[in-house]
$ cat protein-v4.csv   # CSV, C-alpha atoms and all ligand atoms
chain,number,residue,atom,x,y,z
A,4,MET,CA,55.4,136.0,-23.4
A,5,LYS,CA,57.6,136.1,-20.3
A,6,ASP,CA,54.9,136.8,-17.7
A,7,SER,CA,52.4,134.3,-19.1
A,8,LYS,CA,51.1,133.5,-15.6
A,9,LYS,CA,49.8,137.0,-15.2
A,10,LEU,CA,47.6,136.7,-18.3
A,11,GLY,CA,43.9,135.9,-18.1
A,12,ILE,CA,42.9,132.3,-18.4
A,13,ASP,CA,41.3,132.6,-21.9
A,14,THR,CA,44.4,134.4,-23.2
A,15,ILE,CA,46.6,131.6,-21.8
A,16,CYS,CA,44.4,129.0,-23.4
A,17,THR,CA,44.5,130.8,-26.8
A,18,HIS,CA,48.0,132.1,-27.0
A,19,VAL,CA,50.6,130.7,-24.6
A,20,GLY,CA,52.7,128.0,-26.2
A,21,GLU,CA,52.1,128.9,-29.8
A,22,VAL,CA,54.8,127.8,-32.2
A,23,LYS,CA,55.5,130.9,-34.3
A,24,ASP,CA,55.2,130.4,-38.1
A,25,GLU,CA,58.3,132.4,-39.0
A,26,GLN,CA,58.2,131.3,-42.7
A,27,PHE,CA,54.6,132.0,-43.7
A,28,LYS,CA,53.2,134.0,-40.8
A,29,GLY,CA,50.2,131.7,-40.5
A,30,ALA,CA,47.8,132.4,-37.7
A,31,ILE,CA,48.3,129.0,-35.9
A,32,SER,CA,51.2,126.8,-34.9
A,33,PRO,CA,52.8,124.8,-37.7
A,34,ILE,CA,53.4,121.1,-36.9
A,35,TYR,CA,57.0,119.9,-36.8
A,36,MET,CA,56.8,116.2,-37.5
A,37,SER,CA,60.6,115.6,-37.7
A,38,THR,CA,62.0,112.8,-35.6
A,39,SER,CA,65.5,113.9,-36.7
A,40,TYR,CA,67.0,117.3,-36.0
A,41,ALA,CA,70.4,118.8,-36.5
A,42,PHE,CA,72.7,118.2,-33.6
A,43,ASP,CA,72.6,121.7,-32.2
A,44,GLY,CA,75.5,122.1,-29.8
A,45,VAL,CA,75.7,120.1,-26.6
A,46,ASP,CA,72.5,121.3,-24.9
A,47,THR,CA,69.8,120.8,-27.5
A,48,LYS,CA,69.4,117.3,-28.8
A,49,ARG,CA,65.9,117.4,-30.2
A,50,TYR,CA,64.2,114.0,-30.4
A,51,PRO,CA,60.5,113.2,-29.8
A,52,ARG,CA,61.3,110.7,-27.0
A,53,TYR,CA,63.3,113.4,-25.2
A,54,PHE,CA,60.0,115.4,-25.1
A,55,ASN,CA,61.7,118.4,-26.7
A,56,THR,CA,60.4,118.9,-30.3
A,57,PRO,CA,59.2,122.4,-31.0
A,58,ASN,CA,55.6,121.5,-30.6
A,59,GLN,CA,56.1,119.4,-27.5
A,60,GLU,CA,58.2,122.2,-25.8
A,61,MET,CA,55.6,124.9,-26.6
A,62,LEU,CA,52.6,122.9,-25.4
A,63,CYS,CA,54.4,122.2,-22.1
A,64,LYS,CA,54.6,126.0,-21.7
A,65,LYS,CA,50.8,126.3,-22.1
A,66,ILE,CA,50.1,123.6,-19.6
A,67,ALA,CA,52.6,125.0,-17.1
A,68,ALA,CA,50.9,128.4,-17.4
A,69,LEU,CA,47.5,126.8,-16.8
A,70,GLU,CA,48.6,125.0,-13.7
A,71,LYS,CA,50.7,128.0,-12.6
A,72,THR,CA,53.9,125.9,-12.3
A,73,GLU,CA,57.4,126.4,-13.6
A,74,ASN,CA,57.3,123.5,-16.0
A,75,ALA,CA,55.3,120.6,-17.5
A,76,LEU,CA,55.7,117.4,-19.5
A,77,ILE,CA,53.2,115.7,-21.9
A,78,PHE,CA,52.8,112.0,-22.4
A,79,GLY,CA,51.3,109.4,-24.7
A,80,SER,CA,48.5,108.7,-22.2
A,81,GLY,CA,47.3,109.7,-18.7
A,82,MET,CA,48.6,106.3,-17.5
A,83,ALA,CA,52.0,107.0,-19.0
A,84,ALA,CA,52.0,110.3,-17.1
A,85,ILE,CA,50.9,108.6,-13.8
A,86,SER,CA,53.2,105.5,-14.1
A,87,THR,CA,56.3,107.5,-15.1
A,88,THR,CA,55.8,110.1,-12.4
A,89,LEU,CA,55.3,107.5,-9.6
A,90,LEU,CA,58.3,105.5,-10.8
A,91,ALA,CA,60.5,108.7,-10.8
A,92,PHE,CA,59.8,109.3,-7.1
A,93,LEU,CA,59.6,105.7,-5.7
A,94,HIS,CA,62.6,103.5,-5.4
A,95,LYS,CA,63.0,100.0,-3.9
A,96,GLY,CA,62.1,100.1,-0.3
A,97,ASP,CA,60.1,103.3,-0.5
A,98,HIS,CA,56.5,103.7,0.6
A,99,ILE,CA,53.6,105.6,-0.9
A,100,ILE,CA,50.2,106.5,0.6
A,101,LEU,CA,47.3,106.7,-1.9
A,102,GLN,CA,43.8,107.8,-1.2
A,103,GLN,CA,41.1,105.1,-1.1
A,104,THR,CA,39.0,106.2,-4.0
A,105,LEU,CA,41.1,106.2,-7.1
A,106,TYR,CA,40.9,105.9,-10.9
A,107,GLY,CA,40.7,102.2,-11.7
A,108,GLY,CA,43.8,102.2,-13.9
A,109,THR,CA,45.9,103.9,-11.2
A,110,TYR,CA,44.7,101.4,-8.6
A,111,ASN,CA,45.6,98.5,-11.0
A,112,PHE,CA,49.1,99.9,-11.7
A,113,VAL,CA,49.8,100.1,-8.0
A,114,VAL,CA,48.6,96.6,-7.0
A,115,GLU,CA,49.8,94.8,-10.1
A,116,GLU,CA,53.2,96.4,-10.6
A,117,PHE,CA,54.7,97.8,-7.4
A,118,ASP,CA,55.6,94.5,-5.8
A,119,LYS,CA,57.9,93.8,-8.8
A,120,PHE,CA,59.8,97.0,-7.9
A,121,GLY,CA,59.8,96.4,-4.2
A,122,ILE,CA,57.7,99.5,-3.6
A,123,GLU,CA,55.4,99.5,-0.5
A,124,TYR,CA,52.0,101.1,-0.6
A,125,SER,CA,49.0,101.8,1.6
A,126,PHE,CA,45.5,103.0,0.8
A,127,THR,CA,43.8,105.3,3.2
A,128,ASP,CA,40.7,104.1,5.0
A,129,SER,CA,38.8,107.3,4.3
A,130,LEU,CA,39.7,110.8,3.0
A,131,ALA,CA,39.9,112.3,6.5
A,132,ILE,CA,43.4,113.8,7.1
A,133,GLU,CA,43.8,111.6,10.2
A,134,ASP,CA,43.6,108.6,7.9
A,135,PHE,CA,46.4,109.9,5.8
A,136,GLU,CA,48.5,110.6,8.9
A,137,LYS,CA,47.9,107.2,10.3
A,138,LYS,CA,49.5,105.5,7.3
A,139,ILE,CA,52.8,107.5,7.3
A,140,GLN,CA,55.9,105.4,7.8
A,141,LYS,CA,59.6,106.3,8.0
A,142,ASN,CA,60.0,105.4,4.4
A,143,THR,CA,56.9,107.2,3.0
A,144,LYS,CA,58.0,109.3,0.0
A,145,VAL,CA,54.8,110.2,-1.7
A,146,ILE,CA,51.2,111.0,-1.0
A,147,TYR,CA,48.9,110.6,-4.0
A,148,ILE,CA,45.4,112.1,-4.1
A,149,GLU,CA,42.6,112.5,-6.7
A,150,THR,CA,39.9,115.1,-6.1
A,151,PRO,CA,37.1,115.2,-7.2
A,152,SER,CA,37.4,111.4,-7.5
A,153,ASN,CA,36.2,109.0,-10.1
A,154,PRO,CA,33.3,108.0,-10.0
A,155,LEU,CA,31.8,109.2,-6.6
A,156,LEU,CA,33.1,112.8,-6.8
A,157,THR,CA,34.6,112.6,-3.3
A,158,ILE,CA,36.6,115.7,-2.3
A,159,THR,CA,40.0,115.5,-0.6
A,160,ASP,CA,41.3,118.5,1.4
A,161,MET,CA,44.4,119.5,-0.6
A,162,LYS,CA,45.6,122.1,1.9
A,163,ALA,CA,45.5,119.6,4.8
A,164,VAL,CA,47.3,116.9,2.8
A,165,SER,CA,50.0,119.3,1.6
A,166,LYS,CA,50.6,120.6,5.1
A,167,LEU,CA,50.9,117.2,6.5
A,168,ALA,CA,53.2,116.1,3.7
A,169,LYS,CA,55.5,119.1,4.0
A,170,SER,CA,56.0,118.6,7.7
A,171,LYS,CA,57.5,115.2,6.8
A,172,GLU,CA,59.2,116.1,3.5
A,173,ILE,CA,56.9,113.9,1.6
A,174,VAL,CA,56.1,114.8,-2.1
A,175,THR,CA,52.4,115.3,-2.9
A,176,MET,CA,50.8,114.4,-6.3
A,177,ILE,CA,47.3,114.9,-7.5
A,178,ASP,CA,45.3,113.5,-10.3
A,179,ASN,CA,43.7,116.7,-11.4
A,180,THR,CA,41.8,115.3,-14.4
A,181,PHE,CA,38.3,115.7,-13.2
A,182,ALA,CA,38.6,119.3,-12.2
A,183,SER,CA,41.0,120.4,-15.0
A,184,PRO,CA,43.1,123.5,-14.4
A,185,ILE,CA,40.0,125.6,-15.2
A,186,ASN,CA,38.2,124.5,-12.0
A,187,GLN,CA,41.1,123.9,-9.7
A,188,THR,CA,44.8,124.8,-9.4
A,189,PRO,CA,46.2,122.6,-6.7
A,190,VAL,CA,49.6,124.4,-6.5
A,191,ASP,CA,47.6,127.2,-4.8
A,192,PHE,CA,47.0,124.7,-2.0
A,193,GLY,CA,50.6,123.5,-1.8
A,194,ILE,CA,50.4,120.3,-3.9
A,195,ASP,CA,53.7,119.6,-5.7
A,196,ILE,CA,52.8,117.7,-8.8
A,197,MET,CA,49.6,117.8,-10.9
A,198,ILE,CA,48.8,114.9,-13.2
A,199,HIS,CA,46.2,114.8,-16.0
A,200,SER,CA,44.7,112.4,-18.3
A,201,ALA,CA,44.7,114.9,-21.2
A,202,THR,CA,42.4,112.4,-22.9
A,203,LYS,CA,39.6,114.0,-20.9
A,204,TYR,CA,39.0,117.8,-20.4
A,205,MET,CA,42.2,119.0,-21.9
A,206,GLY,CA,41.4,117.1,-25.2
A,207,GLY,CA,37.7,117.6,-24.7
A,208,HIS,CA,36.5,116.1,-28.0
A,209,SER,CA,36.9,112.3,-27.3
A,210,ASP,CA,39.5,112.1,-30.1
A,211,ILE,CA,42.9,112.3,-28.3
A,212,LEU,CA,44.8,110.0,-26.0
A,213,ALA,CA,47.4,112.0,-24.0
A,214,GLY,CA,48.7,112.7,-20.5
A,215,ALA,CA,50.3,115.7,-18.8
A,216,ILE,CA,52.1,116.6,-15.6
A,217,ALA,CA,53.0,120.0,-14.2
A,218,GLY,CA,55.4,121.0,-11.4
A,219,SER,CA,58.6,122.8,-10.4
A,220,ASN,CA,61.7,122.7,-12.7
A,221,GLU,CA,63.4,120.4,-10.2
A,222,HIS,CA,60.5,117.9,-10.1
A,223,ILE,CA,59.9,117.9,-13.8
A,224,LEU,CA,63.6,117.3,-14.5
A,225,LYS,CA,63.5,114.3,-12.1
A,226,ILE,CA,60.5,112.9,-13.9
A,227,TRP,CA,62.1,113.6,-17.3
A,228,ASN,CA,65.1,111.6,-16.4
A,229,VAL,CA,62.9,108.5,-16.0
A,230,ALA,CA,60.5,109.5,-18.8
A,231,LYS,CA,63.1,109.3,-21.5
A,232,ASN,CA,64.0,105.8,-20.4
A,233,LEU,CA,60.3,104.6,-20.3
A,234,GLY,CA,59.5,106.3,-23.6
A,235,GLY,CA,55.9,107.3,-23.2
A,236,SER,CA,56.1,110.4,-25.5
A,237,LEU,CA,53.2,112.0,-27.4
A,238,SER,CA,53.4,112.2,-31.2
A,239,ASP,CA,53.7,115.7,-32.6
A,240,PHE,CA,50.5,115.5,-34.5
A,241,THR,CA,48.6,114.7,-31.3
A,242,VAL,CA,50.5,117.5,-29.5
A,243,TRP,CA,49.2,119.9,-32.1
A,244,MET,CA,45.6,118.5,-31.7
A,245,LEU,CA,45.9,119.0,-28.0
A,246,GLU,CA,47.2,122.6,-28.4
A,247,ARG,CA,44.1,123.3,-30.6
A,248,SER,CA,41.8,121.7,-28.0
A,249,LEU,CA,43.3,123.7,-25.1
A,250,LYS,CA,42.3,127.0,-26.9
A,251,THR,CA,38.7,126.4,-26.0
A,252,MET,CA,39.2,124.6,-22.7
A,253,ASN,CA,37.9,127.4,-20.5
A,254,LEU,CA,34.8,127.9,-22.7
A,255,ARG,CA,34.1,124.2,-22.8
A,256,VAL,CA,34.7,123.4,-19.1
A,257,LYS,CA,32.8,126.4,-17.9
A,258,LYS,CA,29.7,125.4,-19.9
A,259,GLN,CA,30.1,121.7,-18.9
A,260,SER,CA,30.3,122.7,-15.2
A,261,LYS,CA,27.3,125.0,-15.5
A,262,ASN,CA,25.3,122.2,-17.2
A,263,ALA,CA,26.4,119.6,-14.7
A,264,LEU,CA,25.2,121.8,-11.8
A,265,LYS,CA,21.8,122.2,-13.6
A,266,MET,CA,21.6,118.5,-14.3
A,267,ALA,CA,22.6,117.6,-10.7
A,268,LYS,CA,19.9,119.9,-9.3
A,269,ASN,CA,17.3,118.5,-11.7
A,270,LEU,CA,18.1,114.8,-11.0
A,271,ALA,CA,18.1,115.5,-7.2
A,272,THR,CA,14.4,116.5,-7.5
A,273,ASN,CA,13.5,113.6,-9.8
A,274,PRO,CA,11.5,111.1,-7.8
A,275,ASP,CA,12.9,108.2,-10.0
A,276,VAL,CA,16.4,109.1,-8.9
A,277,TYR,CA,17.6,107.6,-5.6
A,278,HIS,CA,20.8,109.6,-5.1
A,279,VAL,CA,23.0,112.2,-6.9
A,280,TYR,CA,26.7,112.6,-6.2
A,281,TYR,CA,27.9,116.1,-7.1
A,282,PRO,CA,30.1,118.3,-5.0
A,283,GLY,CA,28.2,121.4,-6.1
A,284,LEU,CA,25.0,120.2,-4.4
A,285,LYS,CA,24.6,121.7,-0.9
A,286,GLY,CA,23.7,118.2,0.4
A,287,HIS,CA,27.0,116.8,-0.7
A,288,PRO,CA,29.1,116.0,2.5
A,289,ASP,CA,32.0,118.0,1.1
A,290,TYR,CA,30.2,120.9,-0.4
A,291,LYS,CA,32.0,123.5,1.7
A,292,LEU,CA,35.4,122.1,1.0
A,293,ALA,CA,34.7,121.8,-2.7
A,294,LYS,CA,33.6,125.5,-2.7
A,295,LYS,CA,36.9,126.4,-1.0
A,296,GLN,CA,39.2,124.7,-3.4
A,297,MET,CA,37.3,124.7,-6.7
A,298,LYS,CA,36.2,127.5,-8.9
A,299,ASN,CA,33.3,125.5,-10.4
A,300,PHE,CA,32.3,122.0,-9.5
A,301,GLY,CA,33.2,120.3,-12.8
A,302,GLY,CA,31.3,118.5,-15.5
A,303,MET,CA,31.1,115.0,-13.8
A,304,LEU,CA,28.4,113.7,-11.6
A,305,SER,CA,27.0,110.2,-10.7
A,306,PHE,CA,23.6,109.0,-9.8
A,307,GLU,CA,21.6,105.9,-8.8
A,308,LEU,CA,18.1,105.2,-10.1
A,309,GLN,CA,15.4,104.0,-7.8
A,310,GLU,CA,14.9,100.3,-7.4
A,311,GLY,CA,12.7,98.8,-10.1
A,312,ILE,CA,14.4,100.9,-12.8
A,313,ASP,CA,16.8,98.8,-14.8
A,314,PRO,CA,20.0,100.8,-15.3
A,315,MET,CA,21.0,98.9,-18.5
A,316,LYS,CA,17.6,99.4,-20.0
A,317,PHE,CA,17.8,103.1,-19.0
A,318,GLN,CA,21.1,103.5,-20.8
A,319,ASN,CA,20.0,101.7,-23.9
A,320,SER,CA,16.8,103.8,-24.1
A,321,LEU,CA,18.7,107.2,-24.3
A,322,LYS,CA,18.6,108.8,-27.7
A,323,LEU,CA,20.9,111.8,-27.2
A,324,ILE,CA,23.3,110.9,-24.4
A,325,LYS,CA,25.7,108.2,-25.5
A,326,SER,CA,26.7,105.2,-23.4
A,327,SER,CA,30.5,105.4,-23.6
A,328,MET,CA,33.7,104.4,-21.8
A,329,SER,CA,35.5,107.7,-21.7
A,330,LEU,CA,34.4,111.1,-20.5
A,331,ALA,CA,34.8,114.9,-20.7
A,332,GLY,CA,33.9,115.3,-24.3
A,333,VAL,CA,31.7,118.2,-25.5
A,334,GLU,CA,29.0,115.5,-26.0
A,335,SER,CA,27.2,114.1,-22.9
A,336,THR,CA,28.0,110.4,-22.2
A,337,LEU,CA,27.4,108.0,-19.4
A,338,LEU,CA,28.4,104.6,-18.2
A,339,SER,CA,28.1,102.0,-15.5
A,340,PRO,CA,31.4,102.0,-13.5
A,341,ALA,CA,30.8,98.5,-12.2
A,342,LEU,CA,30.6,97.1,-15.8
A,343,THR,CA,33.4,99.2,-17.3
A,344,SER,CA,36.0,101.5,-15.7
A,345,HIS,CA,35.9,99.8,-12.3
A,346,ALA,CA,35.1,96.2,-13.5
A,347,LEU,CA,38.6,95.0,-12.8
A,348,LEU,CA,38.4,96.0,-9.2
A,349,GLY,CA,36.1,93.1,-8.4
A,350,ALA,CA,32.8,93.3,-6.4
A,351,GLU,CA,34.5,93.4,-3.0
A,352,GLU,CA,36.8,96.3,-3.7
A,353,ARG,CA,34.0,98.2,-5.4
A,354,ALA,CA,31.7,97.7,-2.4
A,355,ASN,CA,34.7,98.9,-0.2
A,356,GLN,CA,34.8,102.1,-2.2
A,357,GLY,CA,31.0,102.6,-2.2
A,358,ILE,CA,30.5,101.9,-5.9
A,359,LYS,CA,27.1,100.3,-6.2
A,360,ASP,CA,26.3,98.1,-9.2
A,361,GLY,CA,23.4,100.5,-10.2
A,362,LEU,CA,25.6,103.6,-10.1
A,363,ILE,CA,25.7,105.6,-13.3
A,364,ARG,CA,28.5,108.1,-14.1
A,365,PHE,CA,27.4,111.0,-16.1
A,366,SER,CA,29.8,113.2,-18.1
A,367,VAL,CA,27.8,116.3,-18.9
A,368,GLY,CA,28.5,117.9,-22.3
A,369,ILE,CA,27.8,121.4,-23.7
A,370,GLU,CA,24.3,120.6,-25.1
A,371,ASN,CA,21.1,122.5,-24.0
A,372,THR,CA,20.2,121.0,-20.6
A,373,LYS,CA,16.4,121.0,-21.5
A,374,ASP,CA,17.2,118.4,-24.2
A,375,LEU,CA,19.3,116.3,-21.8
A,376,ILE,CA,16.6,116.4,-19.1
A,377,ALA,CA,14.0,115.3,-21.7
A,378,ASP,CA,16.2,112.5,-22.9
A,379,ILE,CA,16.7,111.2,-19.3
A,380,GLU,CA,13.1,111.4,-18.4
A,381,LYS,CA,12.0,109.5,-21.5
A,382,ALA,CA,14.6,106.8,-20.9
A,383,ILE,CA,13.5,106.3,-17.3
A,384,LYS,CA,10.0,105.8,-18.4
A,385,LYS,CA,11.0,103.1,-20.7
A,386,ALA,CA,13.2,101.4,-18.1
A,387,LYS,CA,10.5,101.1,-15.5
A,388,LYS,CA,9.5,97.5,-15.0
B,401,LIG,C1,41.1,108.4,-17.9
B,401,LIG,C2,41.7,108.7,-16.6
B,401,LIG,C3,43.0,108.4,-16.3
B,401,LIG,C4,43.9,107.6,-17.3
B,401,LIG,O1,44.1,108.3,-18.5
B,401,LIG,P1,44.4,107.6,-19.9
B,401,LIG,O2,44.6,108.8,-20.8
B,401,LIG,O3,43.2,106.8,-20.2
B,401,LIG,O4,45.6,106.8,-19.8
B,401,LIG,C5,43.6,108.8,-15.1
B,401,LIG,N1,42.9,109.4,-14.2
B,401,LIG,C6,41.6,109.8,-14.4
B,401,LIG,C7,40.8,110.5,-13.3
B,401,LIG,C8,41.0,109.4,-15.6
B,401,LIG,O5,39.7,109.8,-15.8
$ encode --input "protein-v4.csv" --output "structure tokens"
Amino acid sequence: MKDSKKLGIDTICTHVGEVKDEQFKGAISPIYMSTSYAFDGVDTKRYPRYFNTPNQEMLCKKIAALEKTENALIFGSGMAAISTTLLAFLHKGDHIILQQTLYGGTYNFVVEEFDKFGIEYSFTDSLAIEDFEKKIQKNTKVIYIETPSNPLLTITDMKAVSKLAKSKEIVTMIDNTFASPINQTPVDFGIDIMIHSATKYMGGHSDILAGAIAGSNEHILKIWNVAKNLGGSLSDFTVWMLERSLKTMNLRVKKQSKNALKMAKNLATNPDVYHVYYPGLKGHPDYKLAKKQMKNFGGMLSFELQEGIDPMKFQNSLKLIKSSMSLAGVESTLLSPALTSHALLGAEERANQGIKDGLIRFSVGIENTKDLIADIEKAIKKAKK
């Protein structure tokens, strides 16, 4: 499949990157679990930590086709993908600009590890392009963004960021986890490297831990050179699971996005809900920008309940929607960022990022929305003091 990028999205999901079963002609990819392969000339030394087993290589083709890039790499977790990619581009004395609202793990990696490597970093004061520009130094090598962000669903202007970075020869990276390649292909807006926690929408069933990156051959080679030293490979069984998951990604994410828009609209009219954060609502400050750079607005939203409704009691009273740490599964889940994903940030940094203690992050699944709405309404009733 030479011109895989010309194929429709569902065909890419279903077929690109299949491992052909030459022996038995089975309908799906066989799994090659070998960690030891014949030394095949000088060029191909297959070994799982080199990211080049048959299943690893083929899955990378599917992910590259989805992100419309030349190449891709897959990792043992989203954080392995993020840390390896950042360390590949940042050397001692270099500087990186990161947007203010970031996934908690990424924030922790930067503030806990970069000093050891002598890497300088700045966080922007807001997502306005002037605030990115203000932080540029002579030694700035990377600008790192995340849009929509976790957990407030803020939107960063990808085109403006990439234009600014290109004028200074700065590499741009995006955490594209929340949108997934279904809702957003950042390469269309000039972003260089796309990073995913494949644990989320790519996996989609809350049963895989994995990461992925996509970019040009040159950038992927640069990252691979560090990746083989850091060793964050993904096992071939999980690679196979991920390939299986990706076949339905467009179906899942489309339904999740449709459901999230319905839920956001419903919650916004619920008198017991104080505020809803969802880029697909016309009242969202970045609605127009989101519409410009996203196909759908994604399956994630956040909301705050009115005062007098205990958020913990609310969560514990839900019957259908599970309270859970992770997100993006076909089942709806929710959590309190202040108590879980952003607990390590501390109260001050959370307040700085606008994450209130009563905020609830909602990962909308593929269920019927009438059942989700009923579940929420009943739980609110129980949580009223
Ligand atoms: C979960 C997540 C990560 C980290 O991924 P892991 O697979 O848990 O290592 C990074 N970014 C975002 C936006 C996430 O939601």
$ atom_distance --input "protein-v4.csv" --atom1 "atom C5 of ligand LIG 401 (chain B)" --atom2 "CA of Thr180 in chain A"
6.8 Å
$ closest_residue --input "protein-v4.csv" --among "A:Thr159, A:Gln26, A:Asn58, A:Ser327" --to "Lys291 in chain A" --atoms "all atoms listed in the file"
A:Thr159
$ atom_distance --input "protein-v4.csv" --atom1 "CA of Tyr53 in chain A" --atom2 "CA of Tyr106 in chain A"
27.6 Å
$ closest_atom_pairs --input "protein-v4.csv" --of "chain A" --to "ligand LIG 401 (chain B)" --cutoff "7 Å" --atoms "all atoms listed in the file" --output "JSON lines"
{"residue": "A:Ser80", "atom": "CA", "partner": "B:LIG401", "partner_atom": "O2", "distance": 4.1}
{"residue": "A:Gly81", "atom": "CA", "partner": "B:LIG401", "partner_atom": "O1", "distance": 3.5}
{"residue": "A:Met82", "atom": "CA", "partner": "B:LIG401", "partner_atom": "O4", "distance": 3.8}
{"residue": "A:Ala83", "atom": "CA", "partner": "B:LIG401", "partner_atom": "O4", "distance": 6.5}
{"residue": "A:Tyr106", "atom": "CA", "partner": "B:LIG401", "partner_atom": "C7", "distance": 5.2}
{"residue": "A:Gly108", "atom": "CA", "partner": "B:LIG401", "partner_atom": "C4", "distance": 6.4}
{"residue": "A:Thr109", "atom": "CA", "partner": "B:LIG401", "partner_atom": "C5", "distance": 6.7}
{"residue": "A:Ser152", "atom": "CA", "partner": "B:LIG401", "partner_atom": "C7", "distance": 6.8}
{"residue": "A:Asn153", "atom": "CA", "partner": "B:LIG401", "partner_atom": "C7", "distance": 5.8}
{"residue": "A:Asp178", "atom": "CA", "partner": "B:LIG401", "partner_atom": "N1", "distance": 6.1}
{"residue": "A:Thr180", "atom": "CA", "partner": "B:LIG401", "partner_atom": "C7", "distance": 5.0}
{"residue": "A:Phe181", "atom": "CA", "partner": "B:LIG401", "partner_atom": "C7", "distance": 5.8}
{"residue": "A:His199", "atom": "CA", "partner": "B:LIG401", "partner_atom": "N1", "distance": 6.6}
{"residue": "A:Ser200", "atom": "CA", "partner": "B:LIG401", "partner_atom": "O1", "distance": 4.1}
{"residue": "A:Ala201", "atom": "CA", "partner": "B:LIG401", "partner_atom": "O2", "distance": 6.1}
{"residue": "A:Thr202", "atom": "CA", "partner": "B:LIG401", "partner_atom": "O2", "distance": 4.7}
{"residue": "A:Lys203", "atom": "CA", "partner": "B:LIG401", "partner_atom": "C1", "distance": 6.5}
{"residue": "A:Leu212", "atom": "CA", "partner": "B:LIG401", "partner_atom": "O2", "distance": 5.3}
{"residue": "A:Ala213", "atom": "CA", "partner": "B:LIG401", "partner_atom": "O2", "distance": 5.3}
{"residue": "A:Gly214", "atom": "CA", "partner": "B:LIG401", "partner_atom": "O2", "distance": 5.7}
{"residue": "A:Ser329", "atom": "CA", "partner": "B:LIG401", "partner_atom": "C1", "distance": 6.8}
$ write_last_selection --input "protein-v4.csv" --atoms "C-alpha atoms" --output "PDB file, in the coordinates of the input"
ATOM      1  CA  SER A  80      48.500 108.700 -22.200  1.00  0.00           C
ATOM      2  CA  GLY A  81      47.300 109.700 -18.700  1.00  0.00           C
ATOM      3  CA  MET A  82      48.600 106.300 -17.500  1.00  0.00           C
ATOM      4  CA  ALA A  83      52.000 107.000 -19.000  1.00  0.00           C
ATOM      5  CA  TYR A 106      40.900 105.900 -10.900  1.00  0.00           C
ATOM      6  CA  GLY A 108      43.800 102.200 -13.900  1.00  0.00           C
ATOM      7  CA  THR A 109      45.900 103.900 -11.200  1.00  0.00           C
ATOM      8  CA  SER A 152      37.400 111.400  -7.500  1.00  0.00           C
ATOM      9  CA  ASN A 153      36.200 109.000 -10.100  1.00  0.00           C
ATOM     10  CA  ASP A 178      45.300 113.500 -10.300  1.00  0.00           C
ATOM     11  CA  THR A 180      41.800 115.300 -14.400  1.00  0.00           C
ATOM     12  CA  PHE A 181      38.300 115.700 -13.200  1.00  0.00           C
ATOM     13  CA  HIS A 199      46.200 114.800 -16.000  1.00  0.00           C
ATOM     14  CA  SER A 200      44.700 112.400 -18.300  1.00  0.00           C
ATOM     15  CA  ALA A 201      44.700 114.900 -21.200  1.00  0.00           C
ATOM     16  CA  THR A 202      42.400 112.400 -22.900  1.00  0.00           C
ATOM     17  CA  LYS A 203      39.600 114.000 -20.900  1.00  0.00           C
ATOM     18  CA  LEU A 212      44.800 110.000 -26.000  1.00  0.00           C
ATOM     19  CA  ALA A 213      47.400 112.000 -24.000  1.00  0.00           C
ATOM     20  CA  GLY A 214      48.700 112.700 -20.500  1.00  0.00           C
ATOM     21  CA  SER A 329      35.500 107.700 -21.700  1.00  0.00           C
TER      22      SER A 329
END
$ residues_near_point --input "protein-v4.csv" --point "(46.6, 100.3, -9.2)" --cutoff "12 Å" --atoms "all atoms listed in the file" --output "VMD selection string"
chain A and resid 82 85 to 86 89 101 to 118 124 to 126 147 345 347 to 348 352
$ atom_distance --input "protein-v4.csv" --atom1 "CA of Glu136 in chain A" --atom2 "CA of Ala163 in chain A"
10.3 Å
$ closest_residue --input "protein-v4.csv" --among "A:Ser366, A:Ser238, A:Thr88, A:Asn142" --to "Met328 in chain A" --atoms "only C-alpha atoms"
A:Ser366
$ closest_atom_pairs --input "protein-v4.csv" --of "range 123-185 of chain A" --to "range 300-303 of chain A" --cutoff "10 Å" --atoms "all atoms listed in the file" --output "Markdown table"
| residue | atom | partner | partner_atom | distance |
| --- | --- | --- | --- | --- |
| A:Pro151 | CA | A:Gly301 | CA | 8.5 |
| A:Ser152 | CA | A:Met303 | CA | 9.6 |
| A:Asn153 | CA | A:Met303 | CA | 8.7 |
| A:Pro154 | CA | A:Met303 | CA | 8.3 |
| A:Leu155 | CA | A:Met303 | CA | 9.3 |
| A:Leu156 | CA | A:Met303 | CA | 7.6 |
| A:Phe181 | CA | A:Gly301 | CA | 6.9 |
| A:Ala182 | CA | A:Gly301 | CA | 5.5 |
| A:Ser183 | CA | A:Gly301 | CA | 8.1 |
| A:Ile185 | CA | A:Gly301 | CA | 8.9 |
$ write_last_selection --input "protein-v4.csv" --atoms "C-alpha atoms" --output "PDB file, in the coordinates of the input"
ATOM      1  CA  PRO A 151      37.100 115.200  -7.200  1.00  0.00           C
ATOM      2  CA  SER A 152      37.400 111.400  -7.500  1.00  0.00           C
ATOM      3  CA  ASN A 153      36.200 109.000 -10.100  1.00  0.00           C
ATOM      4  CA  PRO A 154      33.300 108.000 -10.000  1.00  0.00           C
ATOM      5  CA  LEU A 155      31.800 109.200  -6.600  1.00  0.00           C
ATOM      6  CA  LEU A 156      33.100 112.800  -6.800  1.00  0.00           C
ATOM      7  CA  PHE A 181      38.300 115.700 -13.200  1.00  0.00           C
ATOM      8  CA  ALA A 182      38.600 119.300 -12.200  1.00  0.00           C
ATOM      9  CA  SER A 183      41.000 120.400 -15.000  1.00  0.00           C
ATOM     10  CA  ILE A 185      40.000 125.600 -15.200  1.00  0.00           C
TER      11      ILE A 185
END
